[in-house]
$ cat my_file.csv   # CSV, N, CA and C atoms
chain,number,residue,atom,x,y,z
Q,1450,MET,N,180.5,58.9,122.9
Q,1450,MET,CA,180.0,59.6,124.1
Q,1450,MET,C,179.6,58.6,125.2
Q,1451,ARG,N,179.1,57.5,124.8
Q,1451,ARG,CA,178.7,56.5,125.7
Q,1451,ARG,C,179.8,56.2,126.7
Q,1452,VAL,N,181.0,56.1,126.2
Q,1452,VAL,CA,182.2,55.8,127.1
Q,1452,VAL,C,182.8,57.1,127.6
Q,1453,GLU,N,183.0,58.1,126.8
Q,1453,GLU,CA,183.8,59.2,127.1
Q,1453,GLU,C,183.1,60.3,128.0
Q,1454,CYS,N,181.8,60.3,127.8
Q,1454,CYS,CA,181.0,61.3,128.6
Q,1454,CYS,C,179.6,60.7,129.0
Q,1455,ARG,N,179.7,59.7,129.8
Q,1455,ARG,CA,178.5,58.9,130.2
Q,1455,ARG,C,177.4,59.7,130.7
Q,1456,PRO,N,177.6,60.7,131.6
Q,1456,PRO,CA,176.4,61.5,132.1
Q,1456,PRO,C,175.6,62.2,130.9
Q,1457,ALA,N,176.3,62.7,130.0
Q,1457,ALA,CA,175.6,63.4,128.9
Q,1457,ALA,C,174.8,62.3,128.0
Q,1458,TYR,N,175.5,61.2,127.8
Q,1458,TYR,CA,174.9,60.1,127.0
Q,1458,TYR,C,173.6,59.6,127.7
Q,1459,GLU,N,173.7,59.4,129.0
Q,1459,GLU,CA,172.6,58.9,129.8
Q,1459,GLU,C,171.4,59.9,129.8
Q,1460,ARG,N,171.8,61.2,129.9
Q,1460,ARG,CA,170.8,62.3,129.9
Q,1460,ARG,C,170.1,62.3,128.5
Q,1461,LEU,N,170.8,62.2,127.4
Q,1461,LEU,CA,170.3,62.2,126.1
Q,1461,LEU,C,169.3,61.0,125.9
Q,1462,CYS,N,169.7,59.8,126.4
Q,1462,CYS,CA,168.8,58.6,126.3
Q,1462,CYS,C,167.6,58.8,127.2
Q,1463,GLU,N,167.7,59.4,128.3
Q,1463,GLU,CA,166.6,59.6,129.2
Q,1463,GLU,C,165.6,60.6,128.6
Q,1464,LEU,N,166.1,61.7,128.0
Q,1464,LEU,CA,165.3,62.7,127.4
Q,1464,LEU,C,164.4,62.2,126.2
Q,1465,LEU,N,165.1,61.3,125.4
Q,1465,LEU,CA,164.4,60.9,124.2
Q,1465,LEU,C,164.0,59.4,124.2
Q,1466,GLU,N,164.0,58.8,125.4
Q,1466,GLU,CA,163.7,57.4,125.5
Q,1466,GLU,C,162.3,57.1,124.9
Q,1467,GLY,N,162.3,56.0,124.1
Q,1467,GLY,CA,161.0,55.6,123.5
Q,1467,GLY,C,160.6,56.4,122.2
Q,1468,ARG,N,161.6,57.2,121.7
Q,1468,ARG,CA,161.3,58.0,120.6
Q,1468,ARG,C,162.3,57.7,119.5
Q,1469,GLN,N,161.9,58.1,118.3
Q,1469,GLN,CA,162.7,58.0,117.1
Q,1469,GLN,C,162.8,59.4,116.4
Q,1470,VAL,N,164.0,59.6,115.9
Q,1470,VAL,CA,164.3,60.9,115.1
Q,1470,VAL,C,164.7,60.4,113.7
Q,1471,HIS,N,164.1,61.0,112.7
Q,1471,HIS,CA,164.5,60.8,111.3
Q,1471,HIS,C,165.3,62.0,110.9
Q,1472,LEU,N,166.5,61.6,110.4
Q,1472,LEU,CA,167.4,62.7,109.9
Q,1472,LEU,C,167.7,62.4,108.4
Q,1473,ALA,N,167.7,63.5,107.6
Q,1473,ALA,CA,168.1,63.4,106.2
Q,1473,ALA,C,169.3,64.4,106.1
Q,1474,VAL,N,170.5,63.8,105.8
Q,1474,VAL,CA,171.7,64.6,105.6
Q,1474,VAL,C,172.1,64.6,104.1
Q,1475,ASP,N,172.0,65.7,103.5
Q,1475,ASP,CA,172.3,65.7,102.0
Q,1475,ASP,C,171.5,64.6,101.3
Q,1476,GLY,N,170.2,64.4,101.7
Q,1476,GLY,CA,169.4,63.4,101.1
Q,1476,GLY,C,169.5,62.0,101.6
Q,1477,GLU,N,170.5,61.7,102.4
Q,1477,GLU,CA,170.7,60.4,102.9
Q,1477,GLU,C,169.9,60.3,104.3
Q,1478,GLU,N,169.0,59.4,104.3
Q,1478,GLU,CA,168.1,59.3,105.5
Q,1478,GLU,C,168.6,58.2,106.5
Q,1479,VAL,N,168.5,58.6,107.8
Q,1479,VAL,CA,168.8,57.6,108.9
Q,1479,VAL,C,167.7,57.8,109.9
Q,1480,VAL,N,167.5,56.8,110.7
Q,1480,VAL,CA,166.6,56.8,111.8
Q,1480,VAL,C,167.4,56.4,113.1
Q,1481,LEU,N,167.3,57.3,114.1
Q,1481,LEU,CA,167.9,57.1,115.4
Q,1481,LEU,C,166.8,56.7,116.4
Q,1482,GLY,N,167.0,55.6,117.1
Q,1482,GLY,CA,166.1,55.1,118.1
Q,1482,GLY,C,166.7,55.3,119.5
Q,1483,PHE,N,165.9,55.8,120.4
Q,1483,PHE,CA,166.4,56.1,121.7
Q,1483,PHE,C,165.7,55.2,122.8
Q,1484,ALA,N,166.5,54.6,123.6
Q,1484,ALA,CA,166.0,53.8,124.7
Q,1484,ALA,C,166.8,54.1,126.0
Q,1485,ALA,N,166.4,53.6,127.1
Q,1485,ALA,CA,167.1,53.9,128.4
Q,1485,ALA,C,168.5,53.4,128.3
Q,1486,ASP,N,168.8,52.3,127.6
Q,1486,ASP,CA,170.1,51.7,127.5
Q,1486,ASP,C,171.0,52.2,126.4
Q,1487,GLY,N,170.4,53.1,125.5
Q,1487,GLY,CA,171.3,53.6,124.4
Q,1487,GLY,C,170.6,54.1,123.2
Q,1488,VAL,N,171.4,54.5,122.3
Q,1488,VAL,CA,170.9,55.0,121.0
Q,1488,VAL,C,171.2,54.0,119.9
Q,1489,THR,N,170.3,53.7,119.0
Q,1489,THR,CA,170.5,52.7,118.0
Q,1489,THR,C,170.2,53.4,116.6
Q,1490,LEU,N,171.1,53.1,115.7
Q,1490,LEU,CA,170.9,53.4,114.3
Q,1490,LEU,C,170.0,52.3,113.7
Q,1491,LEU,N,168.8,52.7,113.3
Q,1491,LEU,CA,167.9,51.7,112.8
Q,1491,LEU,C,167.9,51.7,111.2
Q,1492,SER,N,167.6,50.5,110.7
Q,1492,SER,CA,167.5,50.4,109.2
Q,1492,SER,C,166.3,51.0,108.7
Q,1493,GLU,N,165.2,51.0,109.5
Q,1493,GLU,CA,164.0,51.6,109.1
Q,1493,GLU,C,163.2,52.0,110.4
Q,1494,ALA,N,162.2,52.9,110.2
Q,1494,ALA,CA,161.4,53.4,111.3
Q,1494,ALA,C,160.5,52.3,111.8
Q,1495,THR,N,160.4,52.2,113.1
Q,1495,THR,CA,159.5,51.2,113.7
Q,1495,THR,C,158.4,52.0,114.5
Q,1496,LEU,N,158.5,53.3,114.7
Q,1496,LEU,CA,157.6,54.1,115.3
Q,1496,LEU,C,157.4,55.4,114.5
Q,1497,PRO,N,156.3,56.1,114.7
Q,1497,PRO,CA,156.3,57.5,114.1
Q,1497,PRO,C,157.4,58.3,114.7
Q,1498,PRO,N,158.0,59.2,113.9
Q,1498,PRO,CA,159.1,60.0,114.4
Q,1498,PRO,C,158.6,61.1,115.4
Q,1499,MET,N,159.4,61.4,116.4
Q,1499,MET,CA,159.1,62.5,117.2
Q,1499,MET,C,159.4,63.8,116.5
Q,1500,ALA,N,160.4,63.7,115.6
Q,1500,ALA,CA,160.8,64.8,114.7
Q,1500,ALA,C,161.5,64.3,113.5
Q,1501,LYS,N,161.4,65.1,112.4
Q,1501,LYS,CA,162.1,64.8,111.2
Q,1501,LYS,C,162.9,66.1,110.9
Q,1502,LEU,N,164.2,65.9,110.6
Q,1502,LEU,CA,165.0,67.0,110.3
Q,1502,LEU,C,165.8,66.7,109.0
Q,1503,SER,N,166.0,67.8,108.3
Q,1503,SER,CA,166.9,67.6,107.1
Q,1503,SER,C,167.8,68.8,107.0
Q,1504,PHE,N,169.0,68.5,106.6
Q,1504,PHE,CA,170.0,69.6,106.5
Q,1504,PHE,C,171.2,69.0,105.7
Q,1505,SER,N,172.1,69.9,105.4
Q,1505,SER,CA,173.3,69.5,104.7
Q,1505,SER,C,174.5,69.3,105.7
Q,1506,ARG,N,175.5,68.6,105.2
Q,1506,ARG,CA,176.7,68.4,106.0
Q,1506,ARG,C,177.3,69.7,106.4
Q,1507,ARG,N,177.3,70.7,105.5
Q,1507,ARG,CA,177.8,72.0,105.8
Q,1507,ARG,C,177.1,72.7,106.9
Q,1508,THR,N,175.7,72.5,106.9
Q,1508,THR,CA,174.9,73.1,108.0
Q,1508,THR,C,175.2,72.4,109.3
Q,1509,ILE,N,175.5,71.1,109.3
Q,1509,ILE,CA,175.9,70.4,110.5
Q,1509,ILE,C,177.1,71.1,111.1
Q,1510,LEU,N,178.1,71.3,110.2
Q,1510,LEU,CA,179.4,72.0,110.7
Q,1510,LEU,C,179.1,73.4,111.3
Q,1511,ASP,N,178.2,74.1,110.6
Q,1511,ASP,CA,177.9,75.5,111.1
Q,1511,ASP,C,177.2,75.4,112.4
Q,1512,LEU,N,176.3,74.4,112.6
Q,1512,LEU,CA,175.7,74.2,113.9
Q,1512,LEU,C,176.7,73.9,115.0
Q,1513,VAL,N,177.5,72.9,114.7
Q,1513,VAL,CA,178.5,72.5,115.7
Q,1513,VAL,C,179.5,73.6,116.0
Q,1514,ASP,N,179.9,74.3,115.0
Q,1514,ASP,CA,180.8,75.4,115.2
Q,1514,ASP,C,180.2,76.6,115.9
Q,1515,GLY,N,178.9,76.6,115.9
Q,1515,GLY,CA,178.2,77.7,116.6
Q,1515,GLY,C,178.0,79.0,115.7
Q,1516,SER,N,178.3,78.8,114.4
Q,1516,SER,CA,178.1,80.0,113.5
Q,1516,SER,C,176.6,80.2,113.2
Q,1517,ILE,N,175.8,79.2,113.4
Q,1517,ILE,CA,174.3,79.4,113.4
Q,1517,ILE,C,173.7,78.6,114.5
Q,1518,SER,N,172.6,79.0,115.0
Q,1518,SER,CA,171.9,78.2,116.0
Q,1518,SER,C,170.9,77.3,115.3
Q,1519,LEU,N,170.3,76.4,116.0
Q,1519,LEU,CA,169.3,75.5,115.4
Q,1519,LEU,C,168.1,76.4,114.9
Q,1520,GLN,N,167.7,77.3,115.8
Q,1520,GLN,CA,166.6,78.2,115.5
Q,1520,GLN,C,166.9,79.0,114.2
Q,1521,ASP,N,168.1,79.6,114.1
Q,1521,ASP,CA,168.4,80.4,112.9
Q,1521,ASP,C,168.5,79.5,111.7
Q,1522,GLY,N,169.0,78.3,111.8
Q,1522,GLY,CA,169.0,77.4,110.7
Q,1522,GLY,C,167.6,77.1,110.2
Q,1523,ILE,N,166.7,77.0,111.1
Q,1523,ILE,CA,165.3,76.7,110.7
Q,1523,ILE,C,164.7,77.9,110.0
Q,1524,ILE,N,164.9,79.1,110.6
Q,1524,ILE,CA,164.4,80.4,110.1
Q,1524,ILE,C,165.0,80.6,108.7
Q,1525,GLU,N,166.3,80.4,108.5
Q,1525,GLU,CA,166.9,80.6,107.2
Q,1525,GLU,C,166.6,79.5,106.2
Q,1526,GLY,N,165.9,78.5,106.6
Q,1526,GLY,CA,165.6,77.4,105.6
Q,1526,GLY,C,166.8,76.4,105.4
Q,1527,ARG,N,167.8,76.5,106.2
Q,1527,ARG,CA,168.9,75.6,106.1
Q,1527,ARG,C,168.6,74.2,106.9
Q,1528,VAL,N,167.7,74.3,107.8
Q,1528,VAL,CA,167.3,73.1,108.5
Q,1528,VAL,C,165.8,72.9,108.3
Q,1529,GLY,N,165.4,71.8,107.8
Q,1529,GLY,CA,164.0,71.5,107.6
Q,1529,GLY,C,163.5,70.7,108.8
Q,1530,VAL,N,162.4,71.1,109.4
Q,1530,VAL,CA,161.9,70.3,110.6
Q,1530,VAL,C,160.4,70.0,110.4
Q,1531,GLN,N,160.0,68.9,110.9
Q,1531,GLN,CA,158.6,68.4,111.0
Q,1531,GLN,C,158.4,67.8,112.3
Q,1532,GLY,N,157.4,68.2,113.0
Q,1532,GLY,CA,157.0,67.6,114.3
Q,1532,GLY,C,156.2,68.6,115.1
Q,1533,GLY,N,155.6,68.1,116.1
Q,1533,GLY,CA,154.9,69.0,117.0
Q,1533,GLY,C,155.8,69.8,117.8
Q,1534,ILE,N,155.3,71.0,118.3
Q,1534,ILE,CA,156.1,71.9,119.0
Q,1534,ILE,C,156.8,71.3,120.2
Q,1535,GLN,N,156.0,70.5,121.0
Q,1535,GLN,CA,156.6,69.9,122.2
Q,1535,GLN,C,157.7,69.0,121.9
Q,1536,GLN,N,157.5,68.2,120.9
Q,1536,GLN,CA,158.5,67.2,120.5
Q,1536,GLN,C,159.7,67.9,119.9
Q,1537,LEU,N,159.5,69.0,119.2
Q,1537,LEU,CA,160.7,69.7,118.7
Q,1537,LEU,C,161.5,70.4,119.8
Q,1538,LEU,N,160.8,70.9,120.8
Q,1538,LEU,CA,161.4,71.5,121.9
Q,1538,LEU,C,162.2,70.4,122.7
Q,1539,LEU,N,161.7,69.2,122.8
Q,1539,LEU,CA,162.4,68.1,123.4
Q,1539,LEU,C,163.6,67.7,122.6
Q,1540,PHE,N,163.4,67.7,121.3
Q,1540,PHE,CA,164.6,67.4,120.4
Q,1540,PHE,C,165.7,68.4,120.6
Q,1541,HIS,N,165.3,69.7,120.7
Q,1541,HIS,CA,166.3,70.8,120.9
Q,1541,HIS,C,167.1,70.6,122.2
Q,1542,GLU,N,166.4,70.2,123.2
Q,1542,GLU,CA,167.1,70.0,124.5
Q,1542,GLU,C,168.0,68.8,124.3
Q,1543,GLY,N,167.6,67.8,123.6
Q,1543,GLY,CA,168.5,66.6,123.3
Q,1543,GLY,C,169.7,67.1,122.5
Q,1544,TRP,N,169.5,67.9,121.5
Q,1544,TRP,CA,170.6,68.4,120.7
Q,1544,TRP,C,171.6,69.2,121.5
Q,1545,LEU,N,171.1,70.0,122.4
Q,1545,LEU,CA,172.1,70.8,123.3
Q,1545,LEU,C,172.8,69.8,124.2
Q,1546,THR,N,172.1,68.8,124.7
Q,1546,THR,CA,172.7,67.8,125.6
Q,1546,THR,C,173.8,67.0,124.8
Q,1547,TYR,N,173.5,66.7,123.5
Q,1547,TYR,CA,174.5,66.0,122.7
Q,1547,TYR,C,175.7,66.9,122.5
Q,1548,LEU,N,175.5,68.1,122.1
Q,1548,LEU,CA,176.7,69.0,121.8
Q,1548,LEU,C,177.5,69.2,123.1
Q,1549,GLY,N,176.8,69.4,124.2
Q,1549,GLY,CA,177.6,69.6,125.5
Q,1549,GLY,C,178.4,68.3,125.8
Q,1550,GLY,N,177.8,67.2,125.6
Q,1550,GLY,CA,178.6,65.9,125.9
Q,1550,GLY,C,179.7,65.7,124.9
Q,1551,ALA,N,179.4,66.0,123.6
Q,1551,ALA,CA,180.5,65.8,122.6
Q,1551,ALA,C,181.7,66.7,122.8
Q,1552,ALA,N,181.4,67.9,123.3
Q,1552,ALA,CA,182.5,68.9,123.6
Q,1552,ALA,C,183.4,68.3,124.7
Q,1553,ARG,N,182.9,67.4,125.5
Q,1553,ARG,CA,183.7,66.9,126.6
Q,1553,ARG,C,184.4,65.5,126.3
Q,1554,CYS,N,184.1,65.0,125.1
Q,1554,CYS,CA,184.7,63.8,124.6
Q,1554,CYS,C,186.1,64.0,124.0
Q,1555,PRO,N,187.1,63.4,124.5
Q,1555,PRO,CA,188.5,63.5,123.9
Q,1555,PRO,C,188.5,63.2,122.4
Q,1556,SER,N,187.7,62.2,122.0
Q,1556,SER,CA,187.8,61.8,120.6
Q,1556,SER,C,187.0,62.8,119.6
Q,1557,PHE,N,186.2,63.6,120.2
Q,1557,PHE,CA,185.3,64.4,119.3
Q,1557,PHE,C,186.1,65.4,118.4
Q,1558,PRO,N,187.1,66.1,118.8
Q,1558,PRO,CA,187.8,66.9,117.9
Q,1558,PRO,C,188.4,66.2,116.6
Q,1559,TYR,N,188.9,65.0,116.8
Q,1559,TYR,CA,189.4,64.2,115.7
Q,1559,TYR,C,188.2,63.8,114.8
Q,1560,LEU,N,187.1,63.3,115.4
Q,1560,LEU,CA,186.0,62.9,114.6
Q,1560,LEU,C,185.4,64.1,113.8
Q,1561,LEU,N,185.3,65.2,114.5
Q,1561,LEU,CA,184.8,66.4,113.8
Q,1561,LEU,C,185.8,66.9,112.6
Q,1562,GLU,N,187.1,66.8,112.8
Q,1562,GLU,CA,188.0,67.1,111.8
Q,1562,GLU,C,187.9,66.2,110.6
Q,1563,ARG,N,187.6,64.9,110.8
Q,1563,ARG,CA,187.4,63.9,109.7
Q,1563,ARG,C,186.1,64.3,109.0
Q,1564,PHE,N,185.1,64.6,109.7
Q,1564,PHE,CA,183.8,65.0,109.1
Q,1564,PHE,C,184.0,66.3,108.3
Q,1565,ARG,N,184.7,67.2,108.9
Q,1565,ARG,CA,184.9,68.5,108.2
Q,1565,ARG,C,185.7,68.3,106.9
Q,1566,TYR,N,186.8,67.5,106.9
Q,1566,TYR,CA,187.6,67.2,105.8
Q,1566,TYR,C,186.7,66.5,104.7
Q,1567,ALA,N,185.9,65.5,105.1
Q,1567,ALA,CA,185.1,64.8,104.1
Q,1567,ALA,C,184.1,65.8,103.5
Q,1568,THR,N,183.5,66.7,104.3
Q,1568,THR,CA,182.5,67.6,103.8
Q,1568,THR,C,183.1,68.6,102.8
Q,1569,GLU,N,184.3,69.1,103.2
Q,1569,GLU,CA,184.9,70.1,102.3
Q,1569,GLU,C,185.5,69.4,101.0
Q,1570,ARG,N,185.9,68.2,101.2
Q,1570,ARG,CA,186.4,67.5,100.0
Q,1570,ARG,C,185.2,67.2,99.0
Q,1571,ALA,N,184.1,66.8,99.6
Q,1571,ALA,CA,182.9,66.6,98.7
Q,1571,ALA,C,182.4,67.8,98.1
Q,1572,ALA,N,182.6,69.0,98.7
Q,1572,ALA,CA,182.1,70.2,98.1
Q,1572,ALA,C,183.0,70.8,97.1
Q,1573,SER,N,184.3,70.3,97.0
Q,1573,SER,CA,185.2,70.8,96.1
Q,1573,SER,C,184.8,70.3,94.7
Q,1574,PRO,N,184.9,71.1,93.6
Q,1574,PRO,CA,184.5,70.7,92.3
Q,1574,PRO,C,185.4,69.5,91.8
Q,1575,LEU,N,186.6,69.4,92.2
Q,1575,LEU,CA,187.5,68.3,91.8
Q,1575,LEU,C,187.5,67.2,92.9
Q,1576,GLY,N,186.9,67.4,94.0
Q,1576,GLY,CA,186.9,66.4,95.0
Q,1576,GLY,C,188.2,66.3,95.7
Q,1577,VAL,N,189.0,67.4,95.7
Q,1577,VAL,CA,190.3,67.4,96.4
Q,1577,VAL,C,190.4,68.6,97.4

$ encode --input "my_file.csv" --output "structure tokens"
Amino acid sequence: MRVECRPAYERLCELLEGRQVHLAVDGEEVVLGFAADGVTLLSEATLPPMAKLSFSRRTILDLVDGSISLQDGIIEGRVGVQGGIQQLLLFHEGWLTYLGGAARCPSFPYLLERFRYATERAASPLGV
């Protein structure tokens, strides 16, 4: 997105500048750090998180596909969230900015299909 949809990338960085988001996807945890000049995948937290979210890969696909909203995912228990209401609202605005930018990136459909394939393959009892 930094290259293919610079305005959305810059808006995302501006929105979340100076903050960190902790994500757990199927139990695997990552920390994203946001600064004016970009987003960084951190090996560990260096600040308290603005938000902590947990979900499955399948839920990510449902969110991206629009079959559930972030709010519905939270209500249904498919998305776990921790954080203050203002920080979560700011994260939600960042999420919408990310999705809007990703939809404008020529490489996104390919990356999404790779993610979808890996998710469906992992969910298969035989891994095929």

$ residues_around --input "my_file.csv" --residues "Q:Pro1498" --least-positions-apart "6" --cutoff "12 Å" --atoms "only C-alpha atoms" --output "PyMOL selection string"
chain Q and resi 1465+1467-1472+1479-1483+1530-1533+1536-1537+1540

$ write_last_selection --input "my_file.csv" --atoms "N, CA and C atoms" --output "compact mmCIF listing (two decimals), in the frame of the given file"
# COMPACT_ATOMS: atom_id res chain seq x y z
N LEU Q 1465 165.10 61.30 125.40
CA LEU Q 1465 164.40 60.90 124.20
C LEU Q 1465 164.00 59.40 124.20
N GLY Q 1467 162.30 56.00 124.10
CA GLY Q 1467 161.00 55.60 123.50
C GLY Q 1467 160.60 56.40 122.20
N ARG Q 1468 161.60 57.20 121.70
CA ARG Q 1468 161.30 58.00 120.60
C ARG Q 1468 162.30 57.70 119.50
N GLN Q 1469 161.90 58.10 118.30
CA GLN Q 1469 162.70 58.00 117.10
C GLN Q 1469 162.80 59.40 116.40
N VAL Q 1470 164.00 59.60 115.90
CA VAL Q 1470 164.30 60.90 115.10
C VAL Q 1470 164.70 60.40 113.70
N HIS Q 1471 164.10 61.00 112.70
CA HIS Q 1471 164.50 60.80 111.30
C HIS Q 1471 165.30 62.00 110.90
N LEU Q 1472 166.50 61.60 110.40
CA LEU Q 1472 167.40 62.70 109.90
C LEU Q 1472 167.70 62.40 108.40
N VAL Q 1479 168.50 58.60 107.80
CA VAL Q 1479 168.80 57.60 108.90
C VAL Q 1479 167.70 57.80 109.90
N VAL Q 1480 167.50 56.80 110.70
CA VAL Q 1480 166.60 56.80 111.80
C VAL Q 1480 167.40 56.40 113.10
N LEU Q 1481 167.30 57.30 114.10
CA LEU Q 1481 167.90 57.10 115.40
C LEU Q 1481 166.80 56.70 116.40
N GLY Q 1482 167.00 55.60 117.10
CA GLY Q 1482 166.10 55.10 118.10
C GLY Q 1482 166.70 55.30 119.50
N PHE Q 1483 165.90 55.80 120.40
CA PHE Q 1483 166.40 56.10 121.70
C PHE Q 1483 165.70 55.20 122.80
N VAL Q 1530 162.40 71.10 109.40
CA VAL Q 1530 161.90 70.30 110.60
C VAL Q 1530 160.40 70.00 110.40
N GLN Q 1531 160.00 68.90 110.90
CA GLN Q 1531 158.60 68.40 111.00
C GLN Q 1531 158.40 67.80 112.30
N GLY Q 1532 157.40 68.20 113.00
CA GLY Q 1532 157.00 67.60 114.30
C GLY Q 1532 156.20 68.60 115.10
N GLY Q 1533 155.60 68.10 116.10
CA GLY Q 1533 154.90 69.00 117.00
C GLY Q 1533 155.80 69.80 117.80
N GLN Q 1536 157.50 68.20 120.90
CA GLN Q 1536 158.50 67.20 120.50
C GLN Q 1536 159.70 67.90 119.90
N LEU Q 1537 159.50 69.00 119.20
CA LEU Q 1537 160.70 69.70 118.70
C LEU Q 1537 161.50 70.40 119.80
N PHE Q 1540 163.40 67.70 121.30
CA PHE Q 1540 164.60 67.40 120.40
C PHE Q 1540 165.70 68.40 120.60

$ closest_residue --input "my_file.csv" --among "Q:Met1450, Q:Val1528, Q:Ile1523, Q:Leu1510" --to "Q:Arg1565" --atoms "all atoms listed in the file"
Q:Leu1510

$ select_by_dssp --input "my_file.csv" --residues "chain Q" --states "strand (DSSP E or B)" --output "list of chain:residue names"
Q:Gln1469, Q:Val1470, Q:His1471, Q:Leu1472, Q:Ala1473, Q:Val1474, Q:Glu1477, Q:Glu1478, Q:Val1479, Q:Val1480, Q:Leu1481, Q:Gly1482, Q:Phe1483, Q:Ala1484, Q:Gly1487, Q:Val1488, Q:Thr1489, Q:Leu1490, Q:Leu1491, Q:Ala1500, Q:Lys1501, Q:Leu1502, Q:Ser1503, Q:Phe1504, Q:Gly1529, Q:Val1530, Q:Gln1531

$ residues_around --input "my_file.csv" --residues "stretch 1554-1564 of chain Q" --least-positions-apart "3" --cutoff "6.5 Å" --atoms "all atoms listed in the file" --output "ChimeraX atom specification"
/Q:1450,1453-1454,1550-1551,1567-1569

$ select_by_dssp --input "my_file.csv" --residues "chain Q" --states "helix (DSSP H, G or I)" --output "ChimeraX atom specification"
/Q:1455-1465,1506-1514,1519-1524,1534-1551,1557-1572

$ closest_residue --input "my_file.csv" --among "Q:Pro1497, Q:Gly1487, Q:Gly1529, Q:Pro1574" --to "Q:Cys1462" --atoms "only C-alpha atoms"
Q:Gly1487

$ atom_distance --input "my_file.csv" --atom1 "atom CA of Q:Pro1456" --atom2 "atom N of Q:Asp1521"
26.8 Å

$ atom_distance --input "my_file.csv" --atom1 "atom N of Q:Ala1473" --atom2 "atom C of Q:Phe1504"
6.8 Å

$ atom_distance --input "my_file.csv" --atom1 "atom C of Q:Arg1455" --atom2 "atom N of Q:Leu1512"
23.3 Å

$ closest_residue --input "my_file.csv" --among "Q:Ile1517, Q:Leu1461, Q:Met1499, Q:Leu1575" --to "Q:Gln1535" --atoms "only N, CA and C atoms"
Q:Met1499

$ closest_residue --input "my_file.csv" --among "Q:Val1513, Q:Leu1491, Q:Val1474, Q:Ala1485" --to "Q:Arg1460" --atoms "only C-alpha atoms"
Q:Ala1485
